[in-house]
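Chemist: Structure below; questions to follow.
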Amino acid sequence: MPLYPEIEPYDHGMLDVGDGNHVYWEVCGNPRGKPALVLHGGPGSQAGPWFRRLFDPDAYRIVLLDQRGCGRSTPPASAYETDMSVNTTPRLLADLELLRRHLGIERWLVWGVSWGSVLGLRYAQTHPGAVSELVLTGVASGSDAEVALLTRGLGEFFPEAFERFLAELPEDERDGNLAAAYNRLLESPDAEVRARAARAWTDWETAIAAQPPRSVPRYEDAAFRYGFARTVTHYWGNGHFLDEGSEGGAVGEGGAGDDGVVLRDVRLLEGVPGTLVQGSLDPGNLLGIVWRLHHAWPGSELVLIDDVGHNAGAPDMAQALVDATDKYAKGYFRPPPHRSL
């Protein structure tokens, strides 16, 4: 495998971000290295040890966090009483800025996967002075068109799974925004309704994976399954909260149109270098988002990996991601190794 050896954090904590939320963060690698922030996917997933191994631990100060409601952050989205109204993109962006200041970092490379790529792009657009580079994979933009593709459009390719997916919804909810309809079930006061909806949602996510295996171990954990489904439908059913703007950030003017907010504001990435690592079989490619983003963003490069879907862990994908972080580490000051007297 091309990954760097496993490492452990040298610091971690829980950051009070307001609204009753505390966000888990950790730092590993070189305390004097080039700062890098890792944004996990979902929305509703969490950071894990694998992400640390994409960075040279001698060159990077690697920061990971679990976004609001995810993983070790509190309160968890898996708890029905958790208030999801304060879990929005503008608040996540504010959390990143609060963490950056808390750690005394001026600028950092931002690495993101899937939903993390959406969040990373919007963060760079609204806080360009804080982002030195972007490395993104499983690239998405958070547009309504992408949500429609992943919930309804792929039904033509997976008809049996799609029939089961629709069957869980009331008949009068099957023609509109499917993510929003599922979110209403996941917010039901009936625990059995919530449990069935969470299982149906994760079954659909598993079915539309571009490559086997057709099972996902984390979805067998009932708490994770519910928290994940609740969070992703909360975001997907509400336009990812991208058109709400963000505190202290520059945003484009006018409506998002069919392209969505991130592509509308692509000019705000000017001056930020970026590497986009994308599998050729990623379902999101059907809308051409990653190509359009790359061609509209002069500072970007696109690395296409053949015969790989939405899977950052595939060996060739991991190699390309390591190559990207290695490239951006070149020329960065590396302190000499510590020597005992």
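Simple scheme: letters A, B, ... for chains in structure tokens order, numbers from 1 for residues in each chain, numbers from 1 for ligands in the order shown.
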Tell me, as a VMD selection string, which residues lie within 7 Å of range 27-37 of chain A, counting only C-alpha atoms; anything in the same chain fewer than 5 positions away does not count.
Modeler: chain A and resid 8 to 12 57 to 64 108 to 111 332 334
Chemist: Show which residues sit within 8 Å of Leu304 in chain A, as a PyMOL selection string. Count only C-alpha atoms, and ignore same-chain residues fewer than 6 positions away.
Modeler: chain A and resi 277-280
Chemist: So which bits of range 23-131 of chain A end up alpha helix (DSSP H) when you DSSP the backbone, as a PyMOL selection string?
Modeler: chain A and resi 49-52+89-102+115-126
Chemist: Leaving out range 16-22 of chain A and any residue of its chain fewer than 6 positions from it, which residues lie within 8 Å of it when counting only C-alpha atoms, given as number ranges by chain?
Modeler: A: 68-69, 73-75, 86, 95, 98
Chemist: Env of Val38 in chain A: 12 Å cut, atoms = only C-alpha atoms, seq-sep filter 5 positions within chain, self excluded. Answer as a ChimeraX atom specification.
Modeler: /A:25-28,46-55,60-67,96,108-117,119-120,134-137,325
Chemist: Set the distance at 12 Å and use only C-alpha atoms: which residues neighbour Asp203 in chain A once local chain neighbours fewer than 5 positions away are removed? I'd like the list as a list in words.
Modeler: Phe158, Glu160, Ala161, Phe162, Glu163, Arg164, Phe165, Leu166, Glu168, Arg196, Ala197, Ala198, Ile208, Ala209, Arg214, Ser215, Val216, Pro217, Arg218, Tyr219, Glu220, Arg225 and Ala229 of chain A
Chemist: Select from range 90-332 of chain A everything DSSP, run on the backbone, classes as strand (DSSP E), then give the selection as a short mmCIF file (atom, residue, chain, number, x, y, z; two decimals) with N, CA, C and O atoms, in the first residue's frame.
Modeler:
data_model
loop_
_atom_site.label_atom_id
_atom_site.label_comp_id
_atom_site.auth_asym_id
_atom_site.auth_seq_id
_atom_site.Cartn_x
_atom_site.Cartn_y
_atom_site.Cartn_z
N TRP A 108 -4.02 26.64 6.23
CA TRP A 108 -3.83 25.20 6.16
C TRP A 108 -4.29 24.64 4.82
O TRP A 108 -5.16 25.19 4.16
N LEU A 109 -3.64 23.55 4.42
CA LEU A 109 -4.14 22.76 3.30
C LEU A 109 -5.43 22.11 3.75
O LEU A 109 -5.52 21.62 4.89
N VAL A 110 -6.42 22.09 2.88
CA VAL A 110 -7.70 21.46 3.22
C VAL A 110 -7.90 20.25 2.33
O VAL A 110 -7.90 20.35 1.10
N TRP A 111 -8.07 19.09 2.97
CA TRP A 111 -8.30 17.82 2.29
C TRP A 111 -9.74 17.40 2.57
O TRP A 111 -10.19 17.41 3.71
N GLY A 112 -10.47 17.02 1.51
CA GLY A 112 -11.86 16.62 1.72
C GLY A 112 -12.28 15.49 0.81
O GLY A 112 -11.84 15.40 -0.34
N VAL A 113 -13.16 14.62 1.32
CA VAL A 113 -13.69 13.50 0.55
C VAL A 113 -15.20 13.60 0.48
O VAL A 113 -15.87 13.82 1.50
N VAL A 131 -6.88 29.20 3.42
CA VAL A 131 -6.64 27.95 2.69
C VAL A 131 -5.42 28.10 1.79
O VAL A 131 -5.41 28.95 0.89
N SER A 132 -4.42 27.26 2.01
CA SER A 132 -3.20 27.31 1.18
C SER A 132 -3.36 26.46 -0.07
O SER A 132 -2.91 26.84 -1.15
N GLU A 133 -4.00 25.29 0.03
CA GLU A 133 -4.27 24.40 -1.09
C GLU A 133 -5.49 23.55 -0.76
O GLU A 133 -5.87 23.43 0.41
N LEU A 134 -6.06 22.93 -1.81
CA LEU A 134 -7.14 21.97 -1.64
C LEU A 134 -6.74 20.65 -2.28
O LEU A 134 -6.19 20.63 -3.38
N VAL A 135 -7.02 19.55 -1.59
CA VAL A 135 -6.90 18.21 -2.16
C VAL A 135 -8.25 17.54 -1.94
O VAL A 135 -8.66 17.33 -0.79
N LEU A 136 -8.95 17.22 -3.04
CA LEU A 136 -10.33 16.75 -2.94
C LEU A 136 -10.51 15.46 -3.72
O LEU A 136 -9.94 15.29 -4.80
N THR A 137 -11.34 14.56 -3.20
CA THR A 137 -11.62 13.30 -3.87
C THR A 137 -13.09 12.93 -3.68
O THR A 137 -13.73 13.39 -2.74
N GLY A 274 -5.24 23.56 -6.34
CA GLY A 274 -6.01 22.40 -5.91
C GLY A 274 -5.76 21.20 -6.79
O GLY A 274 -5.46 21.32 -7.97
N THR A 275 -5.91 20.00 -6.19
CA THR A 275 -5.83 18.73 -6.90
C THR A 275 -7.13 17.98 -6.69
O THR A 275 -7.56 17.79 -5.54
N LEU A 276 -7.76 17.55 -7.78
CA LEU A 276 -9.00 16.80 -7.76
C LEU A 276 -8.69 15.37 -8.18
O LEU A 276 -8.25 15.14 -9.31
N VAL A 277 -8.89 14.41 -7.28
CA VAL A 277 -8.62 13.00 -7.58
C VAL A 277 -9.97 12.30 -7.67
O VAL A 277 -10.71 12.21 -6.68
N GLN A 278 -10.30 11.79 -8.86
CA GLN A 278 -11.64 11.28 -9.10
C GLN A 278 -11.61 9.91 -9.76
O GLN A 278 -10.84 9.68 -10.69
N GLY A 279 -12.45 8.99 -9.26
CA GLY A 279 -12.61 7.69 -9.90
C GLY A 279 -13.45 7.81 -11.16
O GLY A 279 -14.46 8.52 -11.18
N SER A 300 -6.41 24.51 -10.69
CA SER A 300 -6.65 23.11 -10.33
C SER A 300 -6.04 22.14 -11.32
O SER A 300 -5.80 22.49 -12.49
N GLU A 301 -5.80 20.93 -10.86
CA GLU A 301 -5.44 19.82 -11.74
C GLU A 301 -6.39 18.67 -11.44
O GLU A 301 -6.82 18.48 -10.31
N LEU A 302 -6.73 17.92 -12.48
CA LEU A 302 -7.64 16.79 -12.34
C LEU A 302 -6.87 15.50 -12.60
O LEU A 302 -6.24 15.35 -13.65
N VAL A 303 -6.92 14.59 -11.63
CA VAL A 303 -6.30 13.27 -11.75
C VAL A 303 -7.42 12.24 -11.80
O VAL A 303 -8.13 12.06 -10.81
N LEU A 304 -7.60 11.60 -12.94
CA LEU A 304 -8.67 10.63 -13.11
C LEU A 304 -8.11 9.22 -12.97
O LEU A 304 -7.11 8.87 -13.61
N ILE A 305 -8.74 8.43 -12.12
CA ILE A 305 -8.29 7.07 -11.85
C ILE A 305 -9.26 6.09 -12.50
O ILE A 305 -10.45 6.07 -12.17
#
Chemist: Considering only C-alpha atoms, can you say which of A:Gly313, A:Gly288, A:Gly299, A:Gly227 comes closest to Leu269 in chain A?
Modeler: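 Of the candidates, the smallest distance to Leu269 in chain A is held by A:Gly299.
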Chemist: Pick the closest to Asp282 in chain A from A:Pro298, A:Gly237, A:Gly138, A:Gly155: which is it, counting only C-alpha atoms?
Modeler: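 Among the listed residues, the smallest separation from Asp282 in chain A belongs to A:Gly138.
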Chemist: Which residues, written as a VMD selection string, have at least one atom at most 9 Å from Leu185 in chain A, with only C-alpha atoms counted and residues fewer than 3 positions away on the same chain left out?
Modeler: chain A and resid 169 180 to 182 188 to 190 193 to 194 196 to 198
Chemist: Let's have the selection written as an mmCIF file, in the first residue's frame, with C-alpha atoms.
Modeler:
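Here's the written file result33.cif:
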data_model
loop_
_atom_site.group_PDB
_atom_site.id
_atom_site.type_symbol
_atom_site.label_atom_id
_atom_site.label_comp_id
_atom_site.auth_asym_id
_atom_site.auth_seq_id
_atom_site.Cartn_x
_atom_site.Cartn_y
_atom_site.Cartn_z
ATOM 1 C CA LEU A 169 -42.239 6.217 1.669
ATOM 2 C CA ALA A 180 -36.572 15.490 2.347
ATOM 3 C CA ALA A 181 -39.282 12.823 2.452
ATOM 4 C CA TYR A 182 -36.938 10.380 4.125
ATOM 5 C CA SER A 188 -40.828 10.825 13.273
ATOM 6 C CA PRO A 189 -41.717 10.464 16.975
ATOM 7 C CA ASP A 190 -42.208 6.745 16.268
ATOM 8 C CA VAL A 193 -40.605 4.398 11.723
ATOM 9 C CA ARG A 194 -37.198 5.994 12.255
ATOM 10 C CA ARG A 196 -37.089 1.363 9.186
ATOM 11 C CA ALA A 197 -36.288 4.588 7.336
ATOM 12 C CA ALA A 198 -32.643 4.497 8.409
#
Chemist: Which polymer residues have any atom within 9 Å of an atom of His240 in chain A, counting only C-alpha atoms, with same-chain residues fewer than 2 positions away left out, as a list in words?
Modeler: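 Returned residues: Thr88, Thr89, Gly142, Ser143, Asp144, Val232, His234, Tyr235, Trp236, Gly237, Asn238, Leu242 and Asp243 of chain A.
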Chemist: Could you dump the residues just selected with all heavy atoms as an mmCIF file, in the first residue's frame?
Modeler:
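Full text of again_15.cif as output:
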data_model
loop_
_atom_site.group_PDB
_atom_site.id
_atom_site.type_symbol
_atom_site.label_atom_id
_atom_site.label_comp_id
_atom_site.auth_asym_id
_atom_site.auth_seq_id
_atom_site.Cartn_x
_atom_site.Cartn_y
_atom_site.Cartn_z
ATOM 1 N N THR A 88 -25.806 23.056 10.300
ATOM 2 C CA THR A 88 -25.921 23.594 8.943
ATOM 3 C C THR A 88 -24.530 23.934 8.428
ATOM 4 O O THR A 88 -23.578 24.062 9.192
ATOM 5 C CB THR A 88 -26.782 24.865 8.914
ATOM 6 O OG1 THR A 88 -26.128 25.886 9.681
ATOM 7 C CG2 THR A 88 -28.174 24.620 9.480
ATOM 8 N N THR A 89 -24.436 24.130 7.131
ATOM 9 C CA THR A 89 -23.136 24.447 6.533
ATOM 10 C C THR A 89 -22.528 25.734 7.079
ATOM 11 O O THR A 89 -21.332 25.741 7.413
ATOM 12 C CB THR A 89 -23.262 24.509 4.998
ATOM 13 O OG1 THR A 89 -23.673 23.221 4.517
ATOM 14 C CG2 THR A 89 -21.942 24.878 4.360
ATOM 15 N N GLY A 142 -22.589 19.648 -4.076
ATOM 16 C CA GLY A 142 -23.728 19.872 -3.200
ATOM 17 C C GLY A 142 -24.941 20.465 -3.895
ATOM 18 O O GLY A 142 -25.825 21.020 -3.232
ATOM 19 N N SER A 143 -25.025 20.337 -5.218
ATOM 20 C CA SER A 143 -26.156 20.917 -5.953
ATOM 21 C C SER A 143 -27.398 20.032 -5.830
ATOM 22 O O SER A 143 -27.306 18.832 -5.566
ATOM 23 C CB SER A 143 -25.801 21.080 -7.429
ATOM 24 O OG SER A 143 -25.640 19.814 -8.045
ATOM 25 N N ASP A 144 -28.551 20.638 -6.069
ATOM 26 C CA ASP A 144 -29.800 19.875 -6.070
ATOM 27 C C ASP A 144 -29.791 18.811 -7.164
ATOM 28 O O ASP A 144 -30.395 17.744 -7.013
ATOM 29 C CB ASP A 144 -30.992 20.813 -6.261
ATOM 30 C CG ASP A 144 -31.258 21.687 -5.036
ATOM 31 O OD1 ASP A 144 -30.733 21.360 -3.946
ATOM 32 O OD2 ASP A 144 -31.977 22.690 -5.174
ATOM 33 N N VAL A 232 -27.470 12.990 6.652
ATOM 34 C CA VAL A 232 -27.355 13.168 5.205
ATOM 35 C C VAL A 232 -28.680 13.633 4.596
ATOM 36 O O VAL A 232 -28.704 14.501 3.716
ATOM 37 C CB VAL A 232 -26.828 11.888 4.528
ATOM 38 C CG1 VAL A 232 -27.858 10.791 4.494
ATOM 39 C CG2 VAL A 232 -26.350 12.181 3.107
ATOM 40 N N HIS A 234 -30.959 15.369 6.178
ATOM 41 C CA HIS A 234 -31.118 16.736 6.671
ATOM 42 C C HIS A 234 -30.437 17.718 5.714
ATOM 43 O O HIS A 234 -31.007 18.757 5.350
ATOM 44 C CB HIS A 234 -30.521 16.821 8.075
ATOM 45 C CG HIS A 234 -30.412 18.194 8.656
ATOM 46 N ND1 HIS A 234 -31.508 18.972 8.946
ATOM 47 C CD2 HIS A 234 -29.311 18.924 9.024
ATOM 48 C CE1 HIS A 234 -31.104 20.118 9.476
ATOM 49 N NE2 HIS A 234 -29.780 20.119 9.515
ATOM 50 N N TYR A 235 -29.246 17.381 5.282
ATOM 51 C CA TYR A 235 -28.506 18.250 4.361
ATOM 52 C C TYR A 235 -29.041 18.140 2.937
ATOM 53 O O TYR A 235 -29.310 19.151 2.287
ATOM 54 C CB TYR A 235 -27.011 17.916 4.406
ATOM 55 C CG TYR A 235 -26.283 18.639 5.517
ATOM 56 C CD1 TYR A 235 -26.339 18.170 6.828
ATOM 57 C CD2 TYR A 235 -25.575 19.802 5.277
ATOM 58 C CE1 TYR A 235 -25.704 18.836 7.854
ATOM 59 C CE2 TYR A 235 -24.928 20.488 6.297
ATOM 60 C CZ TYR A 235 -24.992 20.001 7.586
ATOM 61 O OH TYR A 235 -24.362 20.671 8.594
ATOM 62 N N TRP A 236 -29.176 16.916 2.443
ATOM 63 C CA TRP A 236 -29.624 16.744 1.063
ATOM 64 C C TRP A 236 -31.030 17.286 0.846
ATOM 65 O O TRP A 236 -31.350 17.753 -0.237
ATOM 66 C CB TRP A 236 -29.593 15.261 0.689
ATOM 67 C CG TRP A 236 -28.228 14.701 0.473
ATOM 68 C CD1 TRP A 236 -27.040 15.212 0.896
ATOM 69 C CD2 TRP A 236 -27.916 13.502 -0.242
ATOM 70 N NE1 TRP A 236 -26.006 14.409 0.507
ATOM 71 C CE2 TRP A 236 -26.518 13.343 -0.193
ATOM 72 C CE3 TRP A 236 -28.681 12.547 -0.892
ATOM 73 C CZ2 TRP A 236 -25.869 12.264 -0.793
ATOM 74 C CZ3 TRP A 236 -28.042 11.467 -1.484
ATOM 75 C CH2 TRP A 236 -26.647 11.335 -1.444
ATOM 76 N N GLY A 237 -31.872 17.209 1.861
ATOM 77 C CA GLY A 237 -33.245 17.686 1.728
ATOM 78 C C GLY A 237 -33.387 19.178 1.856
ATOM 79 O O GLY A 237 -34.474 19.729 1.648
ATOM 80 N N ASN A 238 -32.274 19.866 2.167
ATOM 81 C CA ASN A 238 -32.323 21.321 2.370
ATOM 82 C C ASN A 238 -31.234 22.045 1.578
ATOM 83 O O ASN A 238 -30.710 23.062 2.037
ATOM 84 C CB ASN A 238 -32.178 21.639 3.865
ATOM 85 C CG ASN A 238 -33.405 21.268 4.673
ATOM 86 O OD1 ASN A 238 -34.422 21.966 4.630
ATOM 87 N ND2 ASN A 238 -33.327 20.160 5.404
ATOM 88 N N LEU A 242 -26.356 25.586 1.514
ATOM 89 C CA LEU A 242 -25.252 26.304 0.882
ATOM 90 C C LEU A 242 -25.606 27.735 0.513
ATOM 91 O O LEU A 242 -24.712 28.578 0.397
ATOM 92 C CB LEU A 242 -24.793 25.555 -0.369
ATOM 93 C CG LEU A 242 -23.949 24.319 -0.115
ATOM 94 C CD1 LEU A 242 -23.800 23.501 -1.385
ATOM 95 C CD2 LEU A 242 -22.575 24.704 0.425
ATOM 96 N N ASP A 243 -26.857 28.028 0.329
ATOM 97 C CA ASP A 243 -27.234 29.377 -0.100
ATOM 98 C C ASP A 243 -27.540 30.293 1.079
ATOM 99 O O ASP A 243 -28.080 31.379 0.884
ATOM 100 C CB ASP A 243 -28.437 29.323 -1.053
ATOM 101 C CG ASP A 243 -28.249 30.251 -2.250
ATOM 102 O OD1 ASP A 243 -27.196 30.889 -2.333
ATOM 103 O OD2 ASP A 243 -29.166 30.327 -3.085
#
Chemist: Which distance in Å separates CA of Leu121 in chain A and CA of Val266 in chain A, to one decimal?
Modeler: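 So the answer is 8.7 Å.
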